[in-house]
Amino acid sequence: QVVVEVFNNLLTESLTIHWHGMHQKKSPYMDGAAYISQCPIQAKQKFTYKFKAYPAGTHFYHGSFANQRVDGLFGMIIVHKQLPTIPEIPLTVTDWFKEEALTIDLNSPYRFGVKGAGQLTPFSTLLGGRGRWNDNTYPLREYTVETGRNHKFRLASSAMEHTYEVSIDGHVLTLVALDGQEINPI
Ligand SMILES: [Cu+2]
């Protein structure tokens with residue numbers, strides 16, 4: 001059982017949290033889909049989410065009201081079936097727009113091409129919440145690994161506009177699960 005008390009400390013905006021990948025059997029009202037499974041949590045109000053941590057695997061949570069996810073309201077949910085036997089490294093990937101999500105729209109000067117066409121161009125890609133824009137001094141996220149040992153990266157993309165291909169220079173990655181389901185490793 002997962003119990004998360006969410007206090008909305010925003011000044012004016014409501015919010016909900018969607019627990020991406022959780023099946024929510026017998027707890028549909030905990031799914032966090034604003035206006036579908038619950039009324040949004042209003043500014044300065046709190047709400048307690050309770051649900052079963054199922055299925056096991058790599059999942060993430062994100063704001064599911066307007067585009068708050070794009071402003072950084074997301075994180076990992078990792079459900080372990082048993083204790084990990086190799087080092088695990090959580091890794092989020094997202095596109096970052098600098099502008100607040102509520103002001104990104106079709107008329108945004110950052111949108112490619114004519115109105116209604118093209119994609120928004122992110123200012124940066126964030127790995128583990130960090131990236132660069134217009135300046136190469138900001139420290140990026142660093143991950144320390146042990147030579148000769150297998151490590152499991154648990155990856156979630158919270159990107160709004162783009163899909164990402166992920167690779168690690170000089171290393172071979174074996175994909176062992178996808179969308180919370182184990183697969184034949186490739
Ligand atoms: Cu989701």
# chains A, B, ... in the order shown; residues from 1 in each chain; ligands from 1
>>> select_by_dssp(residues="chain A", states="helix (DSSP H, G or I)", output="list in words")
Pro28, Tyr29, Met30, Gln68, Arg69, Val70, Asp71, Ala101, Leu102 and Thr103 of chain A
>>> residues_near_ligand(ligand="ligand 1", cutoff="7 Å", atoms="only C-alpha atoms and all ligand atoms", output="list in words")
His18, Trp19, His20, Tyr61 and His62 of chain A
>>> write_last_selection(atoms="N, CA and C atoms", output="compact mmCIF listing (two decimals), in the first residue's frame")
# COMPACT_ATOMS: atom_id res chain seq x y z
N HIS A 18 -0.71 11.94 -11.24
CA HIS A 18 -1.01 10.66 -11.87
C HIS A 18 0.15 9.71 -11.61
N TRP A 19 -0.20 8.50 -11.19
CA TRP A 19 0.81 7.49 -10.83
C TRP A 19 0.95 6.59 -12.04
N HIS A 20 1.81 6.99 -12.92
CA HIS A 20 1.91 6.39 -14.25
C HIS A 20 2.36 4.93 -14.17
N TYR A 61 5.69 9.19 -11.60
CA TYR A 61 4.47 9.97 -11.32
C TYR A 61 4.63 11.33 -11.96
N HIS A 62 3.51 11.94 -12.29
CA HIS A 62 3.62 13.28 -12.87
C HIS A 62 2.34 14.06 -12.63
>>> closest_residue(among="A:Leu91, A:Ile183, A:Ala34, A:Ala177", to="Arg130 of chain A", atoms="only C-alpha atoms")
A:Leu91
>>> atom_distance(atom1="atom CA of Gly129 of chain A", atom2="atom CA of Gly75 of chain A")
9.6 Å
>>> closest_atom_pairs(of="segment 26-133 of chain A", to="segment 143-165 of chain A", cutoff="10 Å", atoms="only C-alpha atoms", output="JSON lines")
{"residue": "A:Gly57", "atom": "CA", "partner": "A:Arg154", "partner_atom": "CA", "distance": 8.7}
{"residue": "A:Thr58", "atom": "CA", "partner": "A:Arg154", "partner_atom": "CA", "distance": 6.1}
{"residue": "A:His59", "atom": "CA", "partner": "A:Ala156", "partner_atom": "CA", "distance": 6.9}
{"residue": "A:Phe60", "atom": "CA", "partner": "A:Ala156", "partner_atom": "CA", "distance": 6.6}
{"residue": "A:Tyr61", "atom": "CA", "partner": "A:Ser158", "partner_atom": "CA", "distance": 9.1}
{"residue": "A:His62", "atom": "CA", "partner": "A:Ser158", "partner_atom": "CA", "distance": 7.9}
{"residue": "A:Asn67", "atom": "CA", "partner": "A:Met160", "partner_atom": "CA", "distance": 8.6}
{"residue": "A:Arg69", "atom": "CA", "partner": "A:Ser158", "partner_atom": "CA", "distance": 7.3}
{"residue": "A:Val70", "atom": "CA", "partner": "A:Met160", "partner_atom": "CA", "distance": 6.4}
{"residue": "A:Gly72", "atom": "CA", "partner": "A:Ser158", "partner_atom": "CA", "distance": 8.7}
{"residue": "A:Leu73", "atom": "CA", "partner": "A:Ser158", "partner_atom": "CA", "distance": 9.4}
{"residue": "A:Phe74", "atom": "CA", "partner": "A:Ser158", "partner_atom": "CA", "distance": 7.3}
{"residue": "A:Gly75", "atom": "CA", "partner": "A:Ala156", "partner_atom": "CA", "distance": 8.5}
{"residue": "A:Met76", "atom": "CA", "partner": "A:Ala156", "partner_atom": "CA", "distance": 7.2}
{"residue": "A:Ile77", "atom": "CA", "partner": "A:Ala156", "partner_atom": "CA", "distance": 9.5}
{"residue": "A:Ile78", "atom": "CA", "partner": "A:Arg154", "partner_atom": "CA", "distance": 8.2}
{"residue": "A:Pro84", "atom": "CA", "partner": "A:Lys152", "partner_atom": "CA", "distance": 9.3}
{"residue": "A:Thr85", "atom": "CA", "partner": "A:His151", "partner_atom": "CA", "distance": 9.5}
{"residue": "A:Ile86", "atom": "CA", "partner": "A:His151", "partner_atom": "CA", "distance": 5.9}
{"residue": "A:Pro87", "atom": "CA", "partner": "A:His151", "partner_atom": "CA", "distance": 5.1}
{"residue": "A:Glu88", "atom": "CA", "partner": "A:Lys152", "partner_atom": "CA", "distance": 4.7}
{"residue": "A:Ile89", "atom": "CA", "partner": "A:Phe153", "partner_atom": "CA", "distance": 4.7}
{"residue": "A:Pro90", "atom": "CA", "partner": "A:Arg154", "partner_atom": "CA", "distance": 4.7}
{"residue": "A:Leu91", "atom": "CA", "partner": "A:Leu155", "partner_atom": "CA", "distance": 4.8}
{"residue": "A:Thr92", "atom": "CA", "partner": "A:Ala156", "partner_atom": "CA", "distance": 4.9}
{"residue": "A:Val93", "atom": "CA", "partner": "A:Ser157", "partner_atom": "CA", "distance": 4.7}
{"residue": "A:Thr94", "atom": "CA", "partner": "A:Ala159", "partner_atom": "CA", "distance": 4.2}
{"residue": "A:Asp95", "atom": "CA", "partner": "A:Ala159", "partner_atom": "CA", "distance": 5.0}
{"residue": "A:Trp96", "atom": "CA", "partner": "A:Ala159", "partner_atom": "CA", "distance": 8.0}
{"residue": "A:Phe97", "atom": "CA", "partner": "A:Met160", "partner_atom": "CA", "distance": 9.6}
{"residue": "A:Ala101", "atom": "CA", "partner": "A:Met160", "partner_atom": "CA", "distance": 10.0}
{"residue": "A:Gln119", "atom": "CA", "partner": "A:Glu161", "partner_atom": "CA", "distance": 6.8}
{"residue": "A:Leu120", "atom": "CA", "partner": "A:Glu161", "partner_atom": "CA", "distance": 6.6}
{"residue": "A:Thr121", "atom": "CA", "partner": "A:Glu161", "partner_atom": "CA", "distance": 8.1}
{"residue": "A:Pro122", "atom": "CA", "partner": "A:Glu161", "partner_atom": "CA", "distance": 8.1}
{"residue": "A:Thr125", "atom": "CA", "partner": "A:Ala159", "partner_atom": "CA", "distance": 8.8}
{"residue": "A:Leu126", "atom": "CA", "partner": "A:Ala159", "partner_atom": "CA", "distance": 9.3}
{"residue": "A:Leu127", "atom": "CA", "partner": "A:Ser157", "partner_atom": "CA", "distance": 9.4}
{"residue": "A:Gly128", "atom": "CA", "partner": "A:Leu155", "partner_atom": "CA", "distance": 9.6}
>>> closest_residue(among="A:Asn136, A:Gln82, A:Thr16, A:Gln68", to="Gly32 of chain A", atoms="only C-alpha atoms")
A:Thr16
>>> residues_around(residues="Leu11 of chain A", least_positions_apart="2", cutoff="9 Å", atoms="only C-alpha atoms", output="ChimeraX atom specification")
/A:8-9,13-14,43-44
>>> select_by_dssp(residues="chain A", states="strand (DSSP E)", output="count of residues only")
52
>>> atom_distance(atom1="atom CA of Ile41 of chain A", atom2="atom CA of Ser27 of chain A")
17.4 Å
>>> closest_residue(among="A:Ser37, A:Asp31, A:Lys98, A:Ile17", to="Phe65 of chain A", atoms="only C-alpha atoms")
A:Ile17
>>> closest_residue(among="A:Lys25, A:Leu15, A:Val2, A:Tyr54", to="Gln38 of chain A", atoms="only C-alpha atoms")
A:Leu15
